[in-house]
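Take a look at the structure below.
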Amino acid sequence: LKFLGTGCFIVLFFWAYLYLLKNPAFPVHEVPLTIVDHWIGFAPWAIIPYLSLWLYASLPVMLMPTRIRLVNFSAWIAAMCLLALAIFYRWPNAVPPANIDWAQYPSVAFLKNVDAAGNACPSLHVATAVYASYWLLGLLRELRLAWPIQALQIIWGVAIVYSTLATKQHVSWDAMAGTLLGLTFAWASRRWDKTPAPIL
């Protein structure tokens, strides 16, 4: 159930995401840069934590102990993605050109060809990482795992957020909006979670 459900969700989401990316219904707006975007330079190695999101976001699903909690987790993250897709439909947006010769970085160039730097704000990459991290905080606490495991997952989540800026797929406004989106839906989903563990 977990394997098939995750696979189907990813396929359906990317179909809608890429359709809106390639067929914007309205003029595409450019998200402005901030001083943070000038501080954080391009880092080719950041493609590794960037792509690791799909494994990271699957961890709460793997650890989910009951079906009702799995459905709750899935319903809220689906609602979060639908809201973001609605925003992308009504307000298509993209990040400014990075003025980088992507041909010198084949792995990043492949990403740029598959996922152009559109549908940027809010960053669903960041929102999904924040949503997953929030749930992992509770699930790992329930499992009574040692604190280094918790610290590792938080560092991993932060690395994913950083990678969205370091690959120049997103700008700081995207990351901030994605963080707010992820926290809002994660908090709401935990409020609905039927578990004896304390709500963070």
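Each chain in the structure tokens gets a letter, A, B, ..., in the order shown, and its residues are numbered from 1; ligands are numbered from 1 in order too.
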Helix (DSSP H, G or I) call set, DSSP backbone run, chain A, as a PyMOL selection string: chain A and resi 2-22+35-39+44-51+53-56+59-63+67-90+102-104+106-114+124-142+147-166+172-192
Spatial neighbours of Ala159 in chain A, 10 Å, only C-alpha atoms, chain gap at least 3 places, as a PyMOL selection string: chain A and resi 46+48-50+52-53+129+153-156+162-164+166
Computed interatomic separation between CA of Leu20 in chain A and CA of Phe88 in chain A (Å): 7.1 Å
All strand (DSSP E) residues (DSSP, backbone) inside chain A, as a PyMOL selection string: chain A and resi 29-30+93-94
His125 in chain A environment, 10 Å, only C-alpha atoms, sequence neighbours closer than 2 positions dropped, as a PyMOL selection string: chain A and resi 50-51+53-54+57+120+122-123+127-130+160-161+163-164+169-170+174-175+178-179+182
Nearest candidate to Gly118 in chain A (options A:Leu18, A:Leu12, A:Met64, A:Met80; using only C-alpha atoms):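 Of all the options, A:Leu18 lies closest to Gly118 in chain A.
With only C-alpha atoms as the basis for measurement, A:Phe9 is the residue among A:Trp173, A:Phe14, A:Phe26, A:Phe9 that approaches Ile77 in chain A most closely.
Between Asn23 in chain A and the candidates A:Trp76, A:Tyr89, A:Trp192, A:Phe185, the tightest atom-to-atom separation, counting only C-alpha atoms, involves A:Tyr89.
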Closest of A:Thr184, A:Pro44, A:Leu136, A:Ala16 to Ala103 in chain A - atom-to-atom distances counting only C-alpha atoms: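 The shortest atom-to-atom distance to Ala103 in chain A comes from A:Pro44.
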Top pick for closest residue to Ala98 in chain A, considering A:Lys168, A:His38, A:Lys112, A:His29 and counting only C-alpha atoms: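 Of A:Lys168, A:His38, A:Lys112, A:His29, the one nearest Ala98 in chain A, counting only C-alpha atoms, is A:Lys168.
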Minimum-distance residue to Ile40 in chain A, chosen among A:Thr66, A:Ser189, A:Thr167, A:Ser133 (using only C-alpha atoms):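 So, comparing all the options, the nearest one is A:Thr167.
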Nearby residues (only C-alpha atoms) at most 12 Å from Ala151 in chain A, same-chain spacing under 5 positions excluded, as a list in words: Ser133, Leu136, Leu137, Leu140, Arg141, Leu145, Ala146, Trp156, Gly157 and Val158 of chain A
Selection from above, C-alpha atoms, as a tab-separated table (two decimals), in the first residue's frame, can you write it?
```
chain	number	residue	atom	x	y	z
A	133	SER	CA	10.77	16.84	8.92
A	136	LEU	CA	9.74	12.78	11.57
A	137	LEU	CA	10.22	14.79	14.76
A	140	LEU	CA	11.27	9.32	15.80
A	141	ARG	CA	10.30	10.47	19.29
A	145	LEU	CA	15.55	6.65	18.94
A	146	ALA	CA	18.72	8.35	20.17
A	156	TRP	CA	19.23	16.46	6.15
A	157	GLY	CA	16.08	18.56	5.89
A	158	VAL	CA	18.03	21.82	6.19
```
